[in-house]
file model_19.tsv (TSV, C-alpha atoms)
chain	number	residue	atom	x	y	z
A	1	MET	CA	0.00	0.00	0.00
A	2	LEU	CA	1.46	3.35	-1.05
A	3	ASP	CA	1.86	6.11	1.51
A	4	THR	CA	-0.37	9.04	0.72
A	5	PRO	CA	1.34	12.36	1.41
A	6	GLU	CA	-0.51	14.78	3.63
A	7	PRO	CA	-2.13	17.54	1.59
A	8	VAL	CA	-0.54	20.97	1.72
A	9	LEU	CA	-3.04	23.50	2.99
A	10	PRO	CA	-3.28	26.67	0.90
A	11	SER	CA	-2.06	28.70	3.87
A	12	GLN	CA	1.06	26.48	4.09
A	13	ASP	CA	1.96	26.75	0.42
A	14	PRO	CA	4.95	29.14	-0.03
A	15	ALA	CA	3.36	30.26	-3.30
A	16	ASN	CA	0.59	31.82	-1.23
A	17	GLN	CA	2.94	33.66	1.15
A	18	ASP	CA	4.91	36.87	0.89
A	19	SER	CA	8.56	37.29	1.90
A	20	THR	CA	7.65	37.44	5.59
A	21	GLY	CA	5.82	34.13	5.43
A	22	GLN	CA	2.50	35.94	5.80
A	23	ASP	CA	-0.33	33.95	4.28
A	24	LEU	CA	-1.77	35.94	1.40
A	25	LEU	CA	-5.02	33.99	1.81
A	26	GLY	CA	-5.57	35.29	5.34
A	27	GLY	CA	-4.09	32.66	7.69
A	28	ALA	CA	-0.99	32.68	9.89
A	29	PRO	CA	2.07	30.76	8.62
A	30	PRO	CA	3.15	27.83	10.79
A	31	ILE	CA	6.32	28.35	12.84
A	32	ARG	CA	8.73	25.42	13.12
A	33	LEU	CA	11.60	25.09	15.58
A	34	ARG	CA	14.43	22.69	14.80
A	35	PRO	CA	17.81	22.07	16.45
A	36	MET	CA	20.63	24.25	15.19
A	37	THR	CA	23.44	22.42	13.37
A	38	ALA	CA	26.94	23.43	12.34
A	39	ASP	CA	25.58	24.10	8.85
A	40	ASP	CA	23.53	26.98	10.32
A	41	LEU	CA	26.56	28.91	11.58
A	42	PRO	CA	27.02	31.03	8.40
A	43	LEU	CA	23.35	32.00	8.64
A	44	MET	CA	23.84	32.95	12.28
A	45	CYS	CA	26.85	35.09	11.29
A	46	ARG	CA	24.71	36.98	8.80
A	47	TRP	CA	21.92	37.53	11.31
A	48	LEU	CA	24.29	38.72	14.05
A	49	ALA	CA	25.80	41.24	11.61
A	50	ALA	CA	22.40	42.77	10.78
A	51	ALA	CA	21.93	46.28	12.15
A	52	HIS	CA	18.56	45.56	13.78
A	53	VAL	CA	20.10	42.60	15.63
A	54	GLN	CA	23.35	44.35	16.58
A	55	ARG	CA	21.34	47.03	18.39
A	56	TRP	CA	20.51	44.56	21.16
A	57	TRP	CA	22.47	41.36	20.53
A	58	ARG	CA	26.08	42.53	20.70
A	59	ASP	CA	27.84	39.20	20.12
A	60	SER	CA	30.55	39.07	17.47
A	61	ALA	CA	29.42	38.04	13.99
A	62	GLU	CA	32.90	36.76	13.08
A	63	PRO	CA	32.78	33.08	12.00
A	64	ALA	CA	35.36	31.95	14.55
A	65	ALA	CA	33.55	33.68	17.40
A	66	VAL	CA	30.16	32.32	16.33
A	67	ALA	CA	31.58	28.79	16.08
A	68	ALA	CA	33.16	29.10	19.53
A	69	GLU	CA	29.85	30.30	20.98
A	70	TYR	CA	27.46	27.80	19.43
A	71	LEU	CA	29.34	24.59	18.57
A	72	PRO	CA	29.57	23.58	22.26
A	73	CYS	CA	25.78	24.04	22.49
A	74	ILE	CA	25.22	22.04	19.31
A	75	ASP	CA	27.35	19.11	20.46
A	76	GLY	CA	25.91	19.13	23.99
A	77	THR	CA	29.04	20.30	25.81
A	78	GLU	CA	27.27	23.49	26.89
A	79	PRO	CA	23.84	23.04	28.55
A	80	SER	CA	22.02	25.45	26.23
A	81	HIS	CA	19.72	24.29	23.46
A	82	PRO	CA	20.01	26.37	20.25
A	83	LEU	CA	17.17	26.32	17.72
A	84	ILE	CA	16.50	27.66	14.25
A	85	VAL	CA	13.11	29.29	13.68
A	86	GLU	CA	11.57	28.51	10.32
A	87	LEU	CA	8.54	29.47	8.27
A	88	PRO	CA	7.51	27.50	5.19
A	89	THR	CA	9.53	30.07	3.21
A	90	GLY	CA	12.74	29.22	5.11
A	91	PRO	CA	14.74	30.15	8.25
A	92	ILE	CA	13.92	33.52	9.76
A	93	GLY	CA	15.43	33.53	13.25
A	94	PHE	CA	17.02	31.89	16.24
A	95	GLY	CA	16.01	30.78	19.72
A	96	GLN	CA	17.73	29.00	22.58
A	97	TRP	CA	16.80	27.89	26.06
A	98	TYR	CA	18.55	26.72	29.22
A	99	ARG	CA	17.84	25.97	32.85
A	100	TRP	CA	18.97	28.71	35.20
A	101	ALA	CA	20.28	26.01	37.56
A	102	ASP	CA	23.00	25.41	34.95
A	103	TYR	CA	23.99	29.10	35.11
A	104	PRO	CA	23.74	29.80	38.85
A	105	ASP	CA	25.81	33.01	38.87
A	106	TYR	CA	23.55	34.72	36.38
A	107	GLY	CA	20.44	33.11	37.81
A	108	ARG	CA	21.37	34.41	41.25
A	109	GLN	CA	21.54	37.98	39.94
A	110	ILE	CA	18.04	37.90	38.48
A	111	GLY	CA	16.43	35.86	41.27
A	112	ALA	CA	15.68	32.78	39.14
A	113	ALA	CA	14.52	29.62	40.89
A	114	ALA	CA	16.26	26.30	40.28
A	115	ASP	CA	13.26	24.92	38.39
A	116	GLU	CA	13.01	27.90	36.01
A	117	ALA	CA	14.36	28.25	32.48
A	118	GLY	CA	15.47	31.22	30.45
A	119	PHE	CA	15.39	31.75	26.72
A	120	ASP	CA	16.84	34.03	24.05
A	121	TYR	CA	15.40	34.80	20.66
A	122	LEU	CA	15.88	36.92	17.57
A	123	ILE	CA	14.29	37.48	14.21
A	124	GLY	CA	17.25	37.65	11.86
A	125	GLU	CA	15.50	38.51	8.61
A	126	PRO	CA	14.71	42.25	8.51
A	127	ALA	CA	11.70	41.70	6.23
A	128	CYS	CA	10.12	39.54	8.96
A	129	CYS	CA	10.25	42.20	11.66
A	130	GLY	CA	7.17	44.22	12.50
A	131	HIS	CA	4.62	41.68	11.28
A	132	GLY	CA	3.57	40.12	14.60
A	133	LEU	CA	5.85	37.11	14.22
A	134	GLY	CA	7.68	37.88	17.48
A	135	THR	CA	4.63	37.13	19.63
A	136	ARG	CA	4.02	33.84	17.85
A	137	LEU	CA	7.71	32.93	17.97
A	138	ILE	CA	7.76	33.31	21.76
A	139	ALA	CA	4.57	31.27	22.12
A	140	ALA	CA	6.08	28.49	20.01
A	141	LEU	CA	9.36	28.63	21.93
A	142	MET	CA	7.66	28.47	25.33
A	143	ARG	CA	5.53	25.54	24.19
A	144	HIS	CA	8.61	23.74	22.82
A	145	ILE	CA	10.57	24.21	26.04
A	146	ARG	CA	7.77	22.84	28.19
A	147	GLU	CA	7.48	19.82	25.92
A	148	GLN	CA	11.22	19.20	26.18
A	149	ASP	CA	11.44	19.49	29.97
A	150	ARG	CA	8.32	18.58	31.94
A	151	THR	CA	10.08	19.26	35.26
A	152	LEU	CA	10.23	23.02	34.73
A	153	GLY	CA	8.18	25.26	36.99
A	154	GLY	CA	8.45	28.54	35.11
A	155	PHE	CA	10.39	30.99	32.97
A	156	VAL	CA	12.55	33.99	33.84
A	157	VAL	CA	13.83	36.15	30.98
A	158	ASP	CA	15.71	39.42	30.94
A	159	PRO	CA	15.49	41.78	27.94
A	160	GLU	CA	17.08	45.18	28.23
A	161	GLU	CA	14.81	47.71	29.89
A	162	THR	CA	14.72	49.86	26.75
A	163	ASN	CA	13.90	46.97	24.40
A	164	THR	CA	10.20	47.71	24.30
A	165	ALA	CA	9.47	45.36	21.39
A	166	SER	CA	10.89	42.39	23.28
A	167	ARG	CA	9.12	43.35	26.49
A	168	ARG	CA	5.82	43.71	24.68
A	169	VAL	CA	5.90	40.20	23.17
A	170	LEU	CA	6.79	38.71	26.56
A	171	GLU	CA	3.84	40.44	28.16
A	172	LYS	CA	1.55	39.23	25.38
A	173	ASN	CA	2.66	35.69	26.24
A	174	GLY	CA	1.78	35.98	29.92
A	175	LEU	CA	5.10	36.99	31.51
A	176	SER	CA	5.02	39.71	34.17
A	177	LEU	CA	7.61	42.29	35.11
A	178	VAL	CA	9.34	41.47	38.41
A	179	MET	CA	12.02	44.15	38.63
A	180	ILE	CA	14.48	46.32	36.73
A	181	THR	CA	18.08	45.49	37.58
A	182	GLN	CA	21.58	46.11	36.26
A	183	VAL	CA	23.28	42.80	35.55
A	184	VAL	CA	27.05	42.93	35.06
A	185	ASP	CA	28.82	40.23	33.07
A	186	PRO	CA	32.63	40.51	33.20
A	187	ASP	CA	32.87	38.56	29.93
A	188	SER	CA	30.52	40.84	27.96
A	189	PRO	CA	30.18	44.56	27.26
A	190	LEU	CA	28.10	46.43	29.82
A	191	THR	CA	24.53	46.92	28.64
A	192	GLY	CA	21.69	48.91	30.08
A	193	PRO	CA	19.53	47.66	32.96
A	194	SER	CA	17.53	44.50	32.35
A	195	ALA	CA	13.78	44.10	32.78
A	196	ILE	CA	13.24	40.80	34.58
A	197	TYR	CA	10.09	38.95	33.53
A	198	ARG	CA	8.68	35.80	35.12
A	199	CYS	CA	5.95	33.27	34.40
A	200	ARG	CA	5.18	30.43	36.79
A	201	PHE	CA	3.28	27.41	35.51
A	202	ALA	CA	1.27	26.98	38.73
A	203	GLU	CA	-0.20	29.31	41.33
A	204	GLU	CA	2.04	28.19	44.16
A	205	PRO	CA	5.20	30.24	44.80
A	206	ALA	CA	8.59	29.13	43.51
A	207	SER	CA	10.38	26.37	45.38
A	208	GLU	CA	12.72	27.38	48.17
A	209	ALA	CA	15.40	25.46	46.26
A	210	SER	CA	16.49	28.53	44.35
A	211	VAL	CA	19.62	29.72	42.64
A	212	SER	CA	18.90	33.18	43.97
A	213	ALA	CA	20.50	34.57	47.09
A	214	PRO	CA	18.46	37.02	49.18
A	215	ALA	CA	15.15	38.18	47.83
A	216	GLY	CA	15.48	40.79	45.09
A	217	PRO	CA	14.11	44.31	45.06
A	218	ALA	CA	10.39	44.89	45.01
A	219	GLU	CA	8.63	45.06	41.66
A	220	GLY	CA	9.44	48.18	39.72
A	221	SER	CA	12.55	49.01	41.76
A	222	VAL	CA	16.02	49.45	40.31
A	223	SER	CA	19.16	47.82	41.64
A	224	ALA	CA	22.72	47.19	40.54
A	225	VAL	CA	24.15	43.68	40.72
A	226	ALA	CA	27.69	42.56	40.00
A	227	GLY	CA	28.84	39.15	38.86
A	228	PRO	CA	29.21	37.02	35.73
A	229	ALA	CA	26.20	36.31	33.53
A	230	GLY	CA	25.18	33.14	31.74
A	231	GLY	CA	23.19	34.71	28.93
A	232	SER	CA	20.60	37.33	28.16
A	233	VAL	CA	17.53	37.66	26.07
A	234	GLY	CA	17.61	38.33	22.36
A	235	ASP	CA	16.15	40.78	19.98
A	236	LEU	CA	13.31	40.99	17.68
A	237	GLY	CA	16.08	41.67	16.93
A	238	ARG	CA	17.28	41.07	20.05
A	239	ALA	CA	14.26	39.68	21.76

call {"tool": "encode", "arguments": {"input": "model_19.tsv", "output": "structure tokens"}}
result
Amino acid sequence: MLDTPEPVLPSQDPANQDSTGQDLLGGAPPIRLRPMTADDLPLMCRWLAAAHVQRWWRDSAEPAAVAAEYLPCIDGTEPSHPLIVELPTGPIGFGQWYRWADYPDYGRQIGAAADEAGFDYLIGEPACCGHGLGTRLIAALMRHIREQDRTLGGFVVDPEETNTASRRVLEKNGLSLVMITQVVDPDSPLTGPSAIYRCRFAEEPASEASVSAPAGPAEGSVSAVAGPAGGSVGDLGRA
């Protein structure tokens, strides 16, 4: 018996989509997340060099630096999980996630609990920015993370305070502002204060088993914290 291929819906046919993946027939294009491979590194170099990404995501776009940053994640040496974001028209961005327990120094600065994860994200293709894809990307990324690790109790993410686009898509996906704090990473250029957002999966408070030290400042307050960081949120471009 021959396998019958699944029909391609009109809204999933690239012929019915514009350069942003927007369905010209009125539907939303499906977002796919797949593991990053070494073959994606040149694409990541191009995205990191884009002006709209460089504004927030200040990592080097040099091939050697990108390989040094992401190959350990790809091969599992580093406990971060890099992903390529795709529409039916092709790759359009990047996401990655990690447990804060694997980055306790950074997690301690932002008050993350041991059962919480963080994530980074960017839309690398300029033509795909400003079309509402960021909100859907974050929803897909959060869903993917929860499917990959059922033990997680919540998310904590930390866009820069002035990155209003990133903050807006987090809020649309149910994350709430906890505090504004200056996080200092001795291995990275100093950025502006970070807006710390949290989403717990249940009503009960976070476990006492936390990677945070004393309780952080009250919501809406500003503090300065010193110490190395394990990562920070991306753009849209950078999240």

call {"tool": "closest_residue", "arguments": {"input": "model_19.tsv", "among": "A:Leu141, A:Ile74, A:Leu122, A:Ala112", "to": "Leu48 in chain A", "atoms": "all atoms listed in the file"}}
result
A:Leu122

call {"tool": "atom_distance", "arguments": {"input": "model_19.tsv", "atom1": "CA of Ala195 in chain A", "atom2": "CA of Val183 in chain A"}}
result
10.0 Å

call {"tool": "closest_residue", "arguments": {"input": "model_19.tsv", "among": "A:Ile110, A:Ala64, A:Ala49, A:Leu133", "to": "Thr181 in chain A", "atoms": "all atoms listed in the file"}}
result
A:Ile110

call {"tool": "residues_around", "arguments": {"input": "model_19.tsv", "residues": "Thr191 in chain A", "least_positions_apart": "3", "cutoff": "12 Å", "atoms": "only C-alpha atoms", "output": "number ranges by chain"}}
result
A: 55-59, 158-163, 181-188, 194-195, 229, 232-233

call {"tool": "residues_around", "arguments": {"input": "model_19.tsv", "residues": "Leu33 in chain A", "least_positions_apart": "2", "cutoff": "8 Å", "atoms": "only C-alpha atoms", "output": "PyMOL selection string"}}
result
chain A and resi 31+35+83-86+140-141+144

call {"tool": "closest_residue", "arguments": {"input": "model_19.tsv", "among": "A:Val156, A:Ile138, A:Ala28, A:Val66", "to": "Leu87 in chain A", "atoms": "all atoms listed in the file"}}
result
A:Ala28

call {"tool": "closest_residue", "arguments": {"input": "model_19.tsv", "among": "A:Ser60, A:Arg108, A:Gly124, A:Tyr70", "to": "Leu41 in chain A", "atoms": "only C-alpha atoms"}}
result
A:Tyr70

call {"tool": "atom_distance", "arguments": {"input": "model_19.tsv", "atom1": "CA of Arg46 in chain A", "atom2": "CA of Gln96 in chain A"}}
result
17.4 Å

call {"tool": "atom_distance", "arguments": {"input": "model_19.tsv", "atom1": "CA of Gly154 in chain A", "atom2": "CA of Gly134 in chain A"}}
result
20.0 Å

call {"tool": "axis_aligned_box", "arguments": {"input": "model_19.tsv", "around": "range 163-182 of chain A", "padding_each_side": "3 Å", "output": "JSON"}}
result
{"center_x": 11.6, "center_y": 41.7, "center_z": 30.0, "size_x": 26.0, "size_y": 18.0, "size_z": 23.2}

call {"tool": "residues_around", "arguments": {"input": "model_19.tsv", "residues": "range 165-177 of chain A", "least_positions_apart": "6", "cutoff": "6 Å", "atoms": "only C-alpha atoms", "output": "list in words"}}
result
Thr135, Ile196, Tyr197, Arg198, Cys199 and Ala239 of chain A

call {"tool": "closest_residue", "arguments": {"input": "model_19.tsv", "among": "A:Met44, A:Ala113, A:Cys128, A:Ala65", "to": "Ile92 in chain A", "atoms": "all atoms listed in the file"}}
result
A:Cys128

call {"tool": "closest_residue", "arguments": {"input": "model_19.tsv", "among": "A:Arg34, A:Arg136, A:Arg150, A:Arg143", "to": "Pro82 in chain A", "atoms": "all atoms listed in the file"}}
result
A:Arg34
